[in-house]
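J.: Handing over data_21.cif, mmCIF, C-alpha atoms.
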data_my_file
loop_
_atom_site.label_atom_id
_atom_site.label_comp_id
_atom_site.auth_asym_id
_atom_site.auth_seq_id
_atom_site.Cartn_x
_atom_site.Cartn_y
_atom_site.Cartn_z
CA MET T 100 0.63 15.45 -15.54
CA PRO T 101 3.88 17.50 -15.75
CA ILE T 102 6.78 15.80 -14.00
CA LYS T 103 9.60 17.81 -12.43
CA ALA T 104 13.11 16.85 -13.47
CA SER T 105 13.93 15.73 -9.92
CA SER T 106 10.85 13.48 -9.83
CA ALA T 107 11.67 12.07 -13.26
CA ARG T 108 15.17 11.14 -12.13
CA GLN T 109 13.78 9.53 -8.97
CA ILE T 110 11.24 7.54 -10.99
CA GLU T 111 13.94 6.32 -13.38
CA THR T 112 16.08 5.14 -10.48
CA LEU T 113 13.17 3.37 -8.81
CA VAL T 114 12.01 1.71 -12.03
CA ALA T 115 15.54 0.41 -12.49
CA ASP T 116 15.36 -0.99 -8.94
CA LEU T 117 12.31 -3.03 -9.93
CA GLY T 118 14.71 -5.21 -11.89
CA SER T 119 17.04 -5.81 -8.96
CA ASP T 120 18.02 -9.34 -8.04
CA ARG T 121 17.27 -8.48 -4.41
CA ALA T 122 13.64 -8.82 -3.37
CA ALA T 123 14.06 -6.18 -0.66
CA THR T 124 15.23 -3.62 -3.22
CA ARG T 125 12.29 -4.41 -5.50
CA GLU T 126 9.82 -4.09 -2.61
CA ALA T 127 11.26 -0.75 -1.53
CA ALA T 128 10.95 0.50 -5.11
CA VAL T 129 7.33 -0.66 -5.31
CA ALA T 130 6.55 1.19 -2.08
CA ARG T 131 8.18 4.43 -3.18
CA LEU T 132 6.67 4.37 -6.67
CA THR T 133 3.26 3.75 -5.15
CA LEU T 134 3.57 6.94 -3.15
CA LEU T 135 4.66 8.85 -6.26
CA GLY T 136 1.34 7.69 -7.74
CA ALA T 137 0.15 9.02 -11.10
CA ARG T 138 3.54 10.57 -11.85
CA ALA T 139 5.06 7.09 -12.20
CA VAL T 140 2.36 5.47 -14.35
CA GLU T 141 3.69 6.27 -17.84
CA ARG T 142 7.17 5.02 -16.98
CA LEU T 143 5.77 1.83 -15.49
CA LEU T 144 3.76 1.20 -18.64
CA LEU T 145 6.92 1.58 -20.72
CA LEU T 146 8.56 -1.04 -18.55
CA LEU T 147 5.71 -3.45 -19.26
CA ASP T 148 6.35 -3.05 -22.99
CA SER T 149 10.09 -3.66 -22.63
CA ASN T 150 12.18 -6.82 -22.49
CA ALA T 151 12.70 -6.37 -18.75
CA SER T 152 12.84 -9.45 -16.55
CA ALA T 153 9.66 -11.16 -15.42
CA ALA T 154 10.37 -10.07 -11.83
CA ALA T 155 10.63 -6.43 -12.91
CA ARG T 156 7.40 -6.54 -14.94
CA ALA T 157 5.54 -8.32 -12.13
CA ALA T 158 6.75 -5.66 -9.69
CA ALA T 159 5.59 -2.94 -12.09
CA LEU T 160 2.16 -4.55 -12.23
CA ARG T 161 1.92 -4.71 -8.45
CA THR T 162 2.78 -1.02 -8.35
CA LEU T 163 0.14 -0.20 -10.95
CA GLU T 164 -2.36 -2.19 -8.90
CA ALA T 165 -1.58 -0.07 -5.86
CA ILE T 166 -1.80 3.20 -7.83
CA ALA T 167 -5.03 2.13 -9.61
CA ASP T 168 -4.71 4.71 -12.38
CA PRO T 169 -7.26 4.11 -15.21
CA ARG T 170 -4.56 4.70 -17.83
CA ALA T 171 -3.06 1.34 -16.92
CA LEU T 172 -6.16 -0.77 -17.55
CA ASP T 173 -5.57 -1.79 -21.17
CA ARG T 174 -1.92 -2.66 -20.61
CA VAL T 175 -2.74 -4.61 -17.47
CA LEU T 176 -5.36 -6.66 -19.29
CA GLU T 177 -2.95 -7.38 -22.15
CA ALA T 178 -0.38 -8.64 -19.63
CA ILE T 179 -2.80 -11.36 -18.46
CA ASP T 180 -1.82 -13.14 -21.68
CA ALA T 181 1.92 -12.88 -20.96
CA ALA T 182 3.92 -16.03 -21.60
CA ASP T 183 5.49 -15.85 -18.15
CA ALA T 184 3.08 -17.06 -15.48
CA THR T 185 4.51 -14.73 -12.82
CA VAL T 186 3.75 -11.70 -14.99
CA ALA T 187 0.32 -13.01 -15.99
CA CYS T 188 -0.63 -13.69 -12.35
CA ALA T 189 0.46 -10.20 -11.32
CA ALA T 190 -1.62 -8.75 -14.17
CA ALA T 191 -4.70 -10.71 -13.16
CA SER T 192 -4.34 -9.46 -9.61
CA ALA T 193 -3.83 -5.88 -10.80
CA ALA T 194 -7.02 -6.01 -12.86
CA ARG T 195 -9.02 -6.40 -9.65
CA VAL T 196 -8.82 -2.70 -8.81
CA PHE T 197 -10.59 -1.78 -12.06
CA LEU T 198 -13.61 -4.03 -11.65
CA ARG T 199 -15.80 -1.28 -10.23
CA GLY T 200 -14.46 1.48 -12.46
CA PRO T 201 -15.99 3.02 -15.61
CA ARG T 202 -14.69 0.13 -17.74
CA GLY T 203 -15.20 -2.58 -15.18
CA ASN T 204 -17.11 -4.72 -17.68
CA VAL T 205 -13.99 -4.94 -19.85
CA ALA T 206 -11.90 -6.12 -16.91
CA VAL T 207 -14.56 -8.66 -15.90
CA ASP T 208 -14.73 -10.08 -19.43
CA ARG T 209 -10.95 -10.48 -19.72
CA LEU T 210 -10.61 -12.10 -16.31
CA THR T 211 -13.54 -14.42 -16.96
CA THR T 212 -11.99 -15.49 -20.26
CA ALA T 213 -8.75 -16.27 -18.46
CA VAL T 214 -10.49 -18.31 -15.77
CA LEU T 215 -12.42 -20.40 -18.28
CA ASP T 216 -9.42 -21.07 -20.56
CA THR T 217 -8.51 -24.67 -19.71
CA ALA T 218 -5.33 -24.44 -21.80
CA ARG T 219 -3.97 -21.65 -19.63
CA ASN T 220 -1.57 -22.03 -16.69
CA GLU T 221 -3.52 -23.06 -13.57
CA ASP T 222 -1.87 -20.42 -11.38
CA VAL T 223 -2.95 -17.69 -13.78
CA ARG T 224 -6.51 -19.01 -13.86
CA ILE T 225 -6.63 -19.10 -10.06
CA ALA T 226 -5.22 -15.56 -9.85
CA ALA T 227 -7.94 -14.37 -12.23
CA LEU T 228 -10.60 -16.14 -10.18
CA ARG T 229 -9.37 -14.49 -7.00
CA ALA T 230 -9.45 -11.10 -8.70
CA LEU T 231 -13.08 -11.67 -9.66
CA GLY T 232 -13.84 -12.41 -6.02
CA ASP T 233 -14.53 -8.68 -5.53
CA LEU T 234 -17.76 -9.05 -7.51
CA GLU T 235 -21.12 -9.50 -5.85
CA ARG T 236 -21.78 -13.12 -4.94
CA SER T 237 -24.83 -13.23 -7.20
CA THR T 238 -22.76 -12.00 -10.15
CA LEU T 239 -20.05 -14.56 -9.53
CA ALA T 240 -22.37 -17.52 -8.94
CA PRO T 241 -22.81 -18.64 -12.61
CA LEU T 242 -19.05 -18.70 -13.15
CA LEU T 243 -18.45 -20.69 -9.97
CA ALA T 244 -21.12 -23.17 -11.00
CA ALA T 245 -19.50 -23.65 -14.41
CA LEU T 246 -16.07 -24.17 -12.86
CA GLN T 247 -17.33 -27.03 -10.71
CA ARG T 248 -17.19 -29.07 -13.93
CA ASP T 249 -13.65 -27.94 -14.80
CA PRO T 250 -11.18 -30.74 -15.61
CA SER T 251 -8.57 -29.25 -13.25
CA ASP T 252 -8.74 -30.39 -9.64
CA ALA T 253 -6.83 -27.25 -8.58
CA ILE T 254 -9.42 -25.01 -10.24
CA LYS T 255 -12.30 -26.90 -8.66
CA ALA T 256 -10.66 -26.58 -5.25
CA ALA T 257 -10.11 -22.84 -5.75
CA THR T 258 -13.72 -22.52 -6.88
CA ARG T 259 -15.03 -24.17 -3.74
CA LEU T 260 -12.87 -21.87 -1.64
CA SER T 261 -14.09 -18.78 -3.53
CA ALA T 262 -17.68 -19.87 -3.06
CA ALA T 263 -17.20 -20.52 0.63
CA VAL T 264 -15.12 -17.52 1.69
CA ASP T 265 -16.78 -14.15 1.95
CA PRO T 266 -14.09 -11.50 2.57
CA ALA T 267 -16.51 -9.45 4.65
CA GLU T 268 -17.05 -12.49 6.85
CA VAL T 269 -13.28 -12.96 7.23
CA VAL T 270 -12.95 -9.39 8.49
CA ALA T 271 -15.99 -9.62 10.77
CA ARG T 272 -14.74 -12.90 12.23
CA ALA T 273 -11.31 -11.36 12.85
CA ALA T 274 -12.92 -8.45 14.68
CA ASP T 275 -15.38 -10.44 16.76
CA ARG T 276 -13.78 -13.83 17.33
CA GLY T 277 -10.06 -13.64 16.65
CA LEU T 278 -7.48 -13.29 13.91
CA PRO T 279 -6.79 -16.00 11.31
CA GLU T 280 -3.39 -17.65 11.32
CA ASP T 281 -2.52 -16.28 7.89
CA PRO T 282 -2.02 -12.47 7.87
CA GLU T 283 -2.24 -12.39 4.08
CA GLU T 284 -5.73 -13.89 4.20
CA LEU T 285 -6.91 -11.05 6.43
CA GLY T 286 -5.04 -8.40 4.45
CA GLU T 287 -6.65 -9.52 1.20
CA ALA T 288 -10.08 -9.62 2.83
CA VAL T 289 -9.65 -6.06 4.07
CA ALA T 290 -8.55 -4.89 0.63
CA ARG T 291 -11.56 -6.54 -0.99
CA SER T 292 -14.26 -5.59 1.50
CA GLY T 293 -12.94 -2.69 3.59
CA SER T 294 -15.31 -0.25 1.92
CA ASP T 295 -18.31 -2.25 3.14
CA ILE T 296 -17.26 -3.14 6.69
CA ALA T 297 -18.66 -1.20 9.65
CA LEU T 298 -16.04 1.25 10.92
CA PRO T 299 -16.06 -0.09 14.52
CA LEU T 300 -15.23 -3.57 13.18
CA LEU T 301 -12.23 -2.21 11.31
CA LEU T 302 -11.08 -0.46 14.46
CA ARG T 303 -11.34 -3.72 16.42
CA VAL T 304 -9.25 -5.46 13.76
CA ILE T 305 -6.55 -2.81 14.19
CA GLU T 306 -6.55 -3.32 17.95
CA ARG T 307 -6.41 -7.12 17.65
CA VAL T 308 -3.62 -7.01 15.07
CA ARG T 309 -1.60 -4.61 17.18
CA LYS T 310 -1.76 -7.00 20.14
CA ARG T 311 -0.79 -9.89 17.86
CA GLU T 312 2.27 -8.01 16.59
CA ALA T 313 3.64 -7.73 20.12
CA THR T 314 3.74 -11.53 20.47
CA GLU T 315 5.28 -12.38 17.09
CA PRO T 316 8.96 -12.74 16.08
CA ALA T 317 10.33 -9.92 13.93
CA ALA T 318 9.74 -11.45 10.49
CA ARG T 319 6.19 -12.50 11.24
CA ARG T 320 5.45 -9.24 13.04
CA ALA T 321 6.24 -7.29 9.87
CA GLU T 322 3.51 -9.22 8.02
CA TRP T 323 0.92 -8.33 10.65
CA THR T 324 2.06 -4.70 10.72
CA ARG T 325 1.36 -4.47 7.00
CA VAL T 326 -2.14 -5.86 7.60
CA ARG T 327 -2.73 -3.10 10.14
CA GLY T 328 -1.55 -0.60 7.55
CA ARG T 329 -4.03 -1.96 5.02
CA VAL T 330 -6.86 -1.45 7.50
CA HIS T 331 -5.71 2.14 7.96
CA VAL T 332 -5.83 2.63 4.19
CA ALA T 333 -9.40 1.28 4.11
CA LEU T 334 -10.42 3.69 6.87
CA ALA T 335 -8.69 6.65 5.24
CA ALA T 336 -10.34 5.93 1.89
CA ARG T 337 -13.69 6.32 3.65
CA GLY T 338 -12.67 9.59 5.26
CA SER T 339 -12.61 8.05 8.72
CA ARG T 340 -10.23 9.25 11.42
CA ILE T 341 -11.43 6.74 13.98
CA ALA T 342 -7.99 5.13 14.25
CA LEU T 343 -5.69 8.12 13.83
CA TYR T 344 -4.46 7.53 17.37
CA ASP T 345 -2.94 4.26 16.18
CA LEU T 346 -1.14 5.96 13.28
CA ARG T 347 0.29 8.51 15.69
CA GLU T 348 1.33 5.92 18.26
CA SER T 349 2.92 3.75 15.57
CA LEU T 350 5.19 6.64 14.59
CA GLU T 351 5.85 7.53 18.21
CA SER T 352 6.76 3.94 19.10
CA MET T 353 9.60 3.83 16.59
CA SER T 354 12.84 3.50 18.49
CA SER T 355 14.84 6.70 18.68
CA THR T 356 18.12 4.94 19.35
CA SER T 357 18.22 1.94 17.01
CA SER T 358 19.21 1.86 13.37
CA MET T 359 16.48 2.45 10.82
CA SER T 360 17.61 -0.66 8.97
CA SER T 361 16.42 -3.33 11.40
CA ILE T 362 13.38 -4.25 13.45
CA SER T 363 13.78 -4.11 17.21
CA SER T 364 12.81 -6.98 19.44
CA GLY T 365 10.40 -5.01 21.59
CA SER T 366 6.98 -3.52 20.92
CA ALA T 367 8.52 -0.50 19.19
CA THR T 368 9.95 -0.78 15.73
CA SER T 369 13.06 0.94 14.43
CA ALA T 370 12.32 0.08 10.81
CA PRO T 371 10.26 2.36 8.59
CA LEU T 372 6.59 1.46 8.78
CA PRO T 373 4.98 -0.14 5.71
CA VAL T 374 4.01 2.22 2.92
CA GLU T 375 0.33 1.78 3.77
CA PHE T 376 0.80 3.84 6.95
CA LEU T 377 2.18 6.77 4.98
CA SER T 378 -0.62 6.50 2.44
CA ALA T 379 -3.22 6.62 5.21
CA LEU T 380 -1.46 9.56 6.87
CA SER T 381 -1.43 11.52 3.63
CA THR T 382 -5.12 10.79 3.03
CA ALA T 383 -6.62 11.24 6.49
CA GLY T 384 -3.96 12.66 8.80
CA ASP T 385 -4.77 15.86 10.68
CA VAL T 386 -2.96 18.38 12.85
CA SER T 387 -2.82 15.90 15.73
CA CYS T 388 -0.45 13.73 13.66
CA LEU T 389 2.11 16.41 12.85
CA GLU T 390 4.27 16.12 15.97
CA ALA T 391 4.65 12.37 15.46
CA VAL T 392 5.49 12.86 11.77
CA VAL T 393 8.15 15.49 12.49
CA ALA T 394 9.60 13.45 15.36
CA ALA T 395 9.95 10.42 13.08
CA TYR T 396 11.52 12.59 10.39
CA ALA T 397 13.97 14.13 12.86
CA ARG T 398 14.99 10.70 14.19
CA ALA T 399 15.56 9.44 10.65
CA THR T 400 17.66 12.43 9.58
CA PRO T 401 21.40 12.36 10.33
CA SER T 402 22.68 15.36 12.28
CA GLY T 403 24.46 16.66 9.20
CA GLY T 404 21.25 17.13 7.26
CA PRO T 405 18.66 15.31 5.18
CA THR T 406 21.10 13.09 3.28
CA GLY T 407 21.68 9.55 4.38
CA PRO T 408 21.45 5.89 3.41
CA LYS T 409 19.25 5.18 0.41
CA GLY T 410 17.08 2.83 2.45
CA ASP T 411 16.25 5.63 4.87
CA GLN T 412 15.85 8.36 2.27
CA TRP T 413 12.51 7.14 0.91
CA TRP T 414 11.15 7.08 4.46
CA ARG T 415 12.23 10.67 5.11
CA ASP T 416 10.97 11.81 1.71
CA HIS T 417 7.50 10.44 2.27
CA LEU T 418 7.26 11.60 5.87
CA ALA T 419 8.00 15.03 4.43
CA GLU T 420 5.33 14.56 1.77
CA ALA T 421 2.77 13.50 4.40
CA PHE T 422 3.65 16.52 6.55
CA LYS T 423 3.21 18.96 3.66
CA THR T 424 -0.05 17.34 2.59
CA ILE T 425 -1.52 17.65 6.07
CA VAL T 426 -0.34 21.25 6.45
CA LYS T 427 -1.95 22.17 3.15
CA ARG T 428 -5.20 20.31 3.87
CA GLU T 429 -5.52 21.84 7.35
CA ARG T 430 -4.49 25.30 6.06
CA LEU T 431 -1.93 25.75 8.78
CA THR T 432 0.45 28.69 9.16
CA ARG T 433 3.55 29.13 11.27
CA ARG T 434 1.37 30.86 13.85
CA HIS T 435 -0.61 27.71 14.66
CA GLY T 436 -0.03 26.43 18.19
CA VAL T 437 1.08 22.95 17.10
CA VAL T 438 3.50 24.39 14.54
CA LYS T 439 5.02 26.66 17.20
CA LYS T 440 5.39 23.65 19.50
CA ILE T 441 7.12 21.69 16.74
CA GLU T 442 9.42 24.64 16.02
CA LYS T 443 10.49 24.81 19.65
CA ARG T 444 11.37 21.12 19.83
CA TRP T 445 12.36 20.22 16.26
CA GLY T 446 13.25 23.57 14.72
CA SER T 447 15.81 22.24 12.25
CA ALA T 448 13.45 19.53 10.98
CA LEU T 449 10.63 22.04 10.59
CA GLU T 450 12.84 24.28 8.45
CA GLN T 451 13.43 21.32 6.12
CA LEU T 452 9.78 20.28 6.05
CA TRP T 453 7.83 23.51 5.78
CA PRO T 454 6.07 23.64 2.36
CA GLY T 455 7.78 25.65 -0.34
CA GLY T 456 10.77 26.39 1.80
CA ALA T 457 8.70 28.99 3.64
CA GLY T 458 10.22 27.78 6.86
CA ARG T 459 13.33 29.77 5.98
CA ALA T 460 12.18 32.52 3.68
CA GLY T 461 8.82 33.32 5.22
CA LYS T 462 9.21 32.43 8.84
CA ARG T 463 8.70 35.98 10.12
CA THR T 464 5.87 36.93 7.81
CA LEU T 465 3.46 34.01 8.02
#
Would you encode the structure as C-alpha cells?

T.:
Amino acid sequence: MPIKASSARQIETLVADLGSDRAATREAAVARLTLLGARAVERLLLLLDSNASAAARAAALRTLEAIADPRALDRVLEAIDAADATVACAAASAARVFLRGPRGNVAVDRLTTAVLDTARNEDVRIAALRALGDLERSTLAPLLAALQRDPSDAIKAATRLSAAVDPAEVVARAADRGLPEDPEELGEAVARSGSDIALPLLLRVIERVRKREATEPAARRAEWTRVRGRVHVALAARGSRIALYDLRESLESMSSTSSMSSISSGSATSAPLPVEFLSALSTAGDVSCLEAVVAAYARATPSGGPTGPKGDQWWRDHLAEAFKTIVKRERLTRRHGVVKKIEKRWGSALEQLWPGGAGRAGKRTL
C-alpha cells in the first residue's frame, strides 16, 4: 500500500512515541497507529525486529493486534518466544486475532506449544491460554484436560478459570443481570464473543455501561467508557447501527467549555473518547452522525485554525477521517440537507473537513 509522505512522517513520529517513558504517550500512539491501520504495519514490524525497549515492542504488538493485518502473523508468533516476558505476553495476546484466519492452524499450534512448555514463564503460558480461549469449547477441551495435570499451580488455576468462564455467558449475564465489577473482564468477553451475541443483548450492555459510567469517579469511568467503545466496535463489525444514537450522544455530551486534556466530573466528558468510538464511527456511522462529528471537531479546533496541542491533534485528525469516510460511503454532496445545515452552523469547520478540499474549491459546483 503506497504511503503518502505526510502519513509516513506521522507514522515515524508515532512509532517513536511507542518508546516513550510515559504510559499516556504510548497509549495515545497505539490509538493513533491503530486508526492508521494497514499503513502502519510495515513500520511496526521493523520495530519488532529492532533493539527497541520491551515497552515499545509490547506496544507495537498491541497495535498489531488491533489492526489484525495478516502480514503480521509470522512476526507475532516469533515474538511469543521473546526473552522478555512482557513482549512475549503481548505477542501471545496479539496472536488471538489470527485464530480464525486463513492460517489459524499455525497460530493455534504456536500458542498450544507455548501453553504446554513447562519451562516457559508462567505469565506467558497464561497469556497464550487466554488467547486460545476464542476457540470452540470442544476444540479447547483436550488441552484444558491435559493442563489439569500441569506442575504449576498458577497454570492449573488459569485452566479451571478458562474451563468455567464462557465469554458469551459473561456478556449475556452483563446484559440480563448486571455488570461485573471488573470492566476489563467484560471488555475481553465482548472482544472474544461479540460476533456471536444477539444484537439486543449488546445494546443492553451499552445502556448498562453508560449508566455505570455516570456513577464512577473519573479514572474508573474511563475504563467503563472504553468497554462501551468495544461494544460499539463489535456492533459495527456486524454492520449494525442499532446503537448509533449512543455514538452520537457520546460526541454531543463532550463539554464545549472544558479543556480537551481532562475528564469532567459530570456525565459529559471533555476528554477525547477512546479510539474504539472513532473506529465504530468510521465503520458504521451514517449521515445522522455528521453533525455530532463536526461539532466535536469544531470544539476541538482552536479559533486560529486546525493546529493545536499534540494531544488534541490526533482527536481532530481522526474526527476528520471519520467525517470523510461517512461522506464517501453515503455519497453525499454539498447540496444534501444535513451538509447545508452543518455549513450554516459550522461553516469554517466544514471547509476544513470536506473531502479533497472541495469545500473551498468546489463549493459552488457540487

J.: Just checking: using all atoms listed in the file, which residue out of T:Leu372, T:Gly277, T:Arg195, T:Ile110 ends up closest to Glu322 (chain T)?

T.: T:Leu372

J.: On this structure, the PyMOL selection byres ((chain T and resi 163) around 9) would catch which residues? List them as a PyMOL selection string, sorted by chain and number.

T.: chain T and resi 133+136+139-140+143-144+158-162+164-168+171+175+193

J.: Please, what distance in Å, to one decimal, runs between CA of Ile305 (chain T) and CA of Val392 (chain T)?

T.: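 Separation of CA of Ile305 (chain T) and CA of Val392 (chain T): 19.9 Å.
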
J.: Output, as lines of an AutoDock Vina configuration file, the centre and edge lengths in Å (one decimal) of the axis-aligned box that contains all listed atoms of region 105-111 of chain T with 4 Å of margin on each side.

T.:
center_x = 13.0
center_y = 11.0
center_z = -11.2
size_x = 12.3
size_y = 17.4
size_z = 12.4

J.: Counting only C-alpha atoms, which of T:Ala189, T:Ala240, T:Ala123, T:Leu113 gets nearest to Trp413 (chain T)?

T.: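 The answer is T:Leu113, which sits nearest to Trp413 (chain T).
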
J.: Evaluate the PyMOL selection byres ((chain T and resi 214) around 10) here and jot the selected residues down as a PyMOL selection string.

T.: chain T and resi 191+208-213+215-217+219-229+231+242+246+254

J.: One decimal, Å: what's the distance from CA of Ala151 (chain T) over to CA of Ser192 (chain T), could you say?

T.: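 Going from CA of Ala151 (chain T) over to CA of Ser192 (chain T) covers 19.6 Å.
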
J.: Decode the PyMOL selection byres ((chain T and resi 333) around 8) for the given file into explicit residues and return them as an NGL selection string.

T.: :T and (289-290 or 293-294 or 329-332 or 334-337)

J.: Taking only C-alpha atoms into account, name the residue in T:Ala395, T:Ala130, T:Ile341, T:Ala297 that is nearest to Pro373 (chain T).

T.: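 When distances to Pro373 (chain T) are compared using only C-alpha atoms, the smallest one comes from T:Ala130.
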
J.: Measure the distance from CA of Phe422 (chain T) to CA of Leu132 (chain T) in Å and round it to one decimal.

T.: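 CA of Leu132 (chain T) lies at a distance of 18.2 Å from CA of Phe422 (chain T).
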
J.: Taking (19.1, 0.3, -5.7) in the coordinates of the supplied file, I want to know which residues reach to within 12 Å of it, counting all atoms listed in the file; could you give the answer as an mmCIF file with C-alpha atoms, in the coordinates of the input?

T.:
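So part.cif came out as:
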data_model
loop_
_atom_site.group_PDB
_atom_site.id
_atom_site.type_symbol
_atom_site.label_atom_id
_atom_site.label_comp_id
_atom_site.auth_asym_id
_atom_site.auth_seq_id
_atom_site.Cartn_x
_atom_site.Cartn_y
_atom_site.Cartn_z
ATOM 1 C CA GLN T 109 13.780 9.530 -8.970
ATOM 2 C CA ILE T 110 11.240 7.540 -10.990
ATOM 3 C CA GLU T 111 13.940 6.320 -13.380
ATOM 4 C CA THR T 112 16.080 5.140 -10.480
ATOM 5 C CA LEU T 113 13.170 3.370 -8.810
ATOM 6 C CA VAL T 114 12.010 1.710 -12.030
ATOM 7 C CA ALA T 115 15.540 0.410 -12.490
ATOM 8 C CA ASP T 116 15.360 -0.990 -8.940
ATOM 9 C CA LEU T 117 12.310 -3.030 -9.930
ATOM 10 C CA GLY T 118 14.710 -5.210 -11.890
ATOM 11 C CA SER T 119 17.040 -5.810 -8.960
ATOM 12 C CA ASP T 120 18.020 -9.340 -8.040
ATOM 13 C CA ARG T 121 17.270 -8.480 -4.410
ATOM 14 C CA ALA T 122 13.640 -8.820 -3.370
ATOM 15 C CA ALA T 123 14.060 -6.180 -0.660
ATOM 16 C CA THR T 124 15.230 -3.620 -3.220
ATOM 17 C CA ARG T 125 12.290 -4.410 -5.500
ATOM 18 C CA GLU T 126 9.820 -4.090 -2.610
ATOM 19 C CA ALA T 127 11.260 -0.750 -1.530
ATOM 20 C CA ALA T 128 10.950 0.500 -5.110
ATOM 21 C CA VAL T 129 7.330 -0.660 -5.310
ATOM 22 C CA ARG T 131 8.180 4.430 -3.180
ATOM 23 C CA PRO T 408 21.450 5.890 3.410
ATOM 24 C CA LYS T 409 19.250 5.180 0.410
ATOM 25 C CA GLY T 410 17.080 2.830 2.450
ATOM 26 C CA GLN T 412 15.850 8.360 2.270
ATOM 27 C CA TRP T 413 12.510 7.140 0.910
#

J.: Kindly indicate which residue among T:Ala267, T:Leu452, T:Leu343, T:Leu147 lies nearest to Thr400 (chain T), using all atoms listed in the file for the distances.

T.: T:Leu452

J.: Of the candidates T:Ala421, T:Leu239, T:Val393, T:Val437, which shows the shortest atom-to-atom distance to Leu377 (chain T), using only C-alpha atoms?

T.: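 Of the candidates, the smallest distance to Leu377 (chain T) is held by T:Ala421.
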
J.: From the list T:Lys440, T:Ser349, T:Val264, T:Arg291, which residue is nearest Val196 (chain T) when using all atoms listed in the file?

T.: T:Arg291

J.: Please list as a ChimeraX atom specification every residue within 9 Å of Val270 (chain T), counting only C-alpha atoms and excluding residues in the same chain fewer than 2 positions away.

T.: /T:265-268,272-275,278,285-286,288-289,292-293,296,300-301,304

J.: What does the file look like for those residues with C-alpha atoms, as a PDB file, in the frame of the given file?

T.:
ATOM      1  CA  ASP T 265     -16.780 -14.150   1.950  1.00  0.00           C
ATOM      2  CA  PRO T 266     -14.090 -11.500   2.570  1.00  0.00           C
ATOM      3  CA  ALA T 267     -16.510  -9.450   4.650  1.00  0.00           C
ATOM      4  CA  GLU T 268     -17.050 -12.490   6.850  1.00  0.00           C
ATOM      5  CA  ARG T 272     -14.740 -12.900  12.230  1.00  0.00           C
ATOM      6  CA  ALA T 273     -11.310 -11.360  12.850  1.00  0.00           C
ATOM      7  CA  ALA T 274     -12.920  -8.450  14.680  1.00  0.00           C
ATOM      8  CA  ASP T 275     -15.380 -10.440  16.760  1.00  0.00           C
ATOM      9  CA  LEU T 278      -7.480 -13.290  13.910  1.00  0.00           C
ATOM     10  CA  LEU T 285      -6.910 -11.050   6.430  1.00  0.00           C
ATOM     11  CA  GLY T 286      -5.040  -8.400   4.450  1.00  0.00           C
ATOM     12  CA  ALA T 288     -10.080  -9.620   2.830  1.00  0.00           C
ATOM     13  CA  VAL T 289      -9.650  -6.060   4.070  1.00  0.00           C
ATOM     14  CA  SER T 292     -14.260  -5.590   1.500  1.00  0.00           C
ATOM     15  CA  GLY T 293     -12.940  -2.690   3.590  1.00  0.00           C
ATOM     16  CA  ILE T 296     -17.260  -3.140   6.690  1.00  0.00           C
ATOM     17  CA  LEU T 300     -15.230  -3.570  13.180  1.00  0.00           C
ATOM     18  CA  LEU T 301     -12.230  -2.210  11.310  1.00  0.00           C
ATOM     19  CA  VAL T 304      -9.250  -5.460  13.760  1.00  0.00           C
TER      20      VAL T 304
END

J.: Applying 12 Å and only C-alpha atoms, which residues near Ser381 (chain T) remain after dropping the ones on its own chain fewer than 5 positions away? List them as number ranges by chain.

T.: T: 134-135, 331-332, 335-336, 338, 340, 343, 346, 374-376, 386, 388-389, 392, 417-429

J.: Dump C-alpha atoms for the selected residues as a PDB file, in the coordinates of the input?

T.:
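Once everything was written out, this is again-v9.pdb:
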ATOM      1  CA  LEU T 134       3.570   6.940  -3.150  1.00  0.00           C
ATOM      2  CA  LEU T 135       4.660   8.850  -6.260  1.00  0.00           C
ATOM      3  CA  HIS T 331      -5.710   2.140   7.960  1.00  0.00           C
ATOM      4  CA  VAL T 332      -5.830   2.630   4.190  1.00  0.00           C
ATOM      5  CA  ALA T 335      -8.690   6.650   5.240  1.00  0.00           C
ATOM      6  CA  ALA T 336     -10.340   5.930   1.890  1.00  0.00           C
ATOM      7  CA  GLY T 338     -12.670   9.590   5.260  1.00  0.00           C
ATOM      8  CA  ARG T 340     -10.230   9.250  11.420  1.00  0.00           C
ATOM      9  CA  LEU T 343      -5.690   8.120  13.830  1.00  0.00           C
ATOM     10  CA  LEU T 346      -1.140   5.960  13.280  1.00  0.00           C
ATOM     11  CA  VAL T 374       4.010   2.220   2.920  1.00  0.00           C
ATOM     12  CA  GLU T 375       0.330   1.780   3.770  1.00  0.00           C
ATOM     13  CA  PHE T 376       0.800   3.840   6.950  1.00  0.00           C
ATOM     14  CA  VAL T 386      -2.960  18.380  12.850  1.00  0.00           C
ATOM     15  CA  CYS T 388      -0.450  13.730  13.660  1.00  0.00           C
ATOM     16  CA  LEU T 389       2.110  16.410  12.850  1.00  0.00           C
ATOM     17  CA  VAL T 392       5.490  12.860  11.770  1.00  0.00           C
ATOM     18  CA  HIS T 417       7.500  10.440   2.270  1.00  0.00           C
ATOM     19  CA  LEU T 418       7.260  11.600   5.870  1.00  0.00           C
ATOM     20  CA  ALA T 419       8.000  15.030   4.430  1.00  0.00           C
ATOM     21  CA  GLU T 420       5.330  14.560   1.770  1.00  0.00           C
ATOM     22  CA  ALA T 421       2.770  13.500   4.400  1.00  0.00           C
ATOM     23  CA  PHE T 422       3.650  16.520   6.550  1.00  0.00           C
ATOM     24  CA  LYS T 423       3.210  18.960   3.660  1.00  0.00           C
ATOM     25  CA  THR T 424      -0.050  17.340   2.590  1.00  0.00           C
ATOM     26  CA  ILE T 425      -1.520  17.650   6.070  1.00  0.00           C
ATOM     27  CA  VAL T 426      -0.340  21.250   6.450  1.00  0.00           C
ATOM     28  CA  LYS T 427      -1.950  22.170   3.150  1.00  0.00           C
ATOM     29  CA  ARG T 428      -5.200  20.310   3.870  1.00  0.00           C
ATOM     30  CA  GLU T 429      -5.520  21.840   7.350  1.00  0.00           C
TER      31      GLU T 429
END
